[in-house]
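Structure record follows, encoded as structure tokens.
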Amino acid sequence: MFMAQKEWPQCQRCHKGVLLPLSDYGPQGNDIPFKLWVCHNPDCGFSVRIDKGQVSFGRPVRLKPEPWENGR
């Protein structure tokens, strides 16, 4: 099984980091596994993202602030 081995692909941009998979939730709350792959090397920033069947490369990955971080 791929996940059990934890052998992630090497980043082809920087050749120093590995690509880590991130998951998300769809509009109806369904799980979307492996929606985004990001290089774990902070100096690289490479990403591969799948949105509605479209693949994009290199878009910046931003963290969405938690409600308590905004003073709400």
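Ordering of the structure tokens sets the chain letters (A, B, ...); residue numbers start at 1 within each chain; ligands are numbered from 1 in the order shown.
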
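Proximity to His40 (chain A) at 7 Å, evaluated using only C-alpha atoms and with sequence-adjacent residues fewer than 3 positions away removed, yields A:Gly17, A:Val18, A:Leu19, A:Leu20.
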
Who sits within 8 Å of Val48 (chain A), only C-alpha atoms, same chain under 3 positions skipped, as a PyMOL selection string: chain A and resi 36-38+55-59

Suppose we keep C-alpha atoms; can you now write the selection as a JSON list (two decimals), in the first residue's frame?
[["chain", "number", "residue", "atom", "x", "y", "z"],
["A", 36, "LEU", "CA", -2.87, 19.11, -3.30],
["A", 37, "TRP", "CA", 0.74, 18.00, -3.27],
["A", 38, "VAL", "CA", 3.33, 20.37, -1.80],
["A", 55, "VAL", "CA", -4.35, 20.64, -12.73],
["A", 56, "SER", "CA", -2.29, 23.69, -11.79],
["A", 57, "PHE", "CA", 1.35, 23.96, -10.80],
["A", 58, "GLY", "CA", 3.15, 26.38, -8.52],
["A", 59, "ARG", "CA", 0.20, 28.29, -7.09]]

For Asp43 (chain A), please output as a list in words all residues within 10 Å (counting only C-alpha atoms; exclusion window: fewer than 2 positions along the same chain). Cys14, Lys16, Gly17, Cys39, His40, Asn41, Gly45 and Phe46 of chain A

Which residues are near region 27-33 of chain A? Cut-off 12 Å, only C-alpha atoms, ignore same chain within fewer than 2 positions. Put them as a PDB file with C-alpha atoms, in the first residue's frame.
ATOM      1  CA  MET A   3       0.392   5.222   2.285  1.00  0.00           C
ATOM      2  CA  LEU A  20       3.481  15.557   0.568  1.00  0.00           C
ATOM      3  CA  PRO A  21      -0.227  14.957  -0.160  1.00  0.00           C
ATOM      4  CA  LEU A  22      -2.887  17.158   1.427  1.00  0.00           C
ATOM      5  CA  SER A  23      -6.615  16.500   1.417  1.00  0.00           C
ATOM      6  CA  ASP A  24      -9.621  18.804   1.504  1.00  0.00           C
ATOM      7  CA  TYR A  25     -13.389  18.729   1.738  1.00  0.00           C
ATOM      8  CA  LYS A  35      -6.154  17.289  -3.781  1.00  0.00           C
ATOM      9  CA  LEU A  36      -2.871  19.115  -3.296  1.00  0.00           C
ATOM     10  CA  TRP A  37       0.745  17.999  -3.266  1.00  0.00           C
ATOM     11  CA  ARG A  49      -3.246  21.185  -7.222  1.00  0.00           C
ATOM     12  CA  ILE A  50      -6.378  19.628  -8.726  1.00  0.00           C
ATOM     13  CA  ASP A  51      -9.501  21.823  -8.854  1.00  0.00           C
ATOM     14  CA  LYS A  52     -12.599  20.591 -10.688  1.00  0.00           C
TER      15      LYS A  52
END
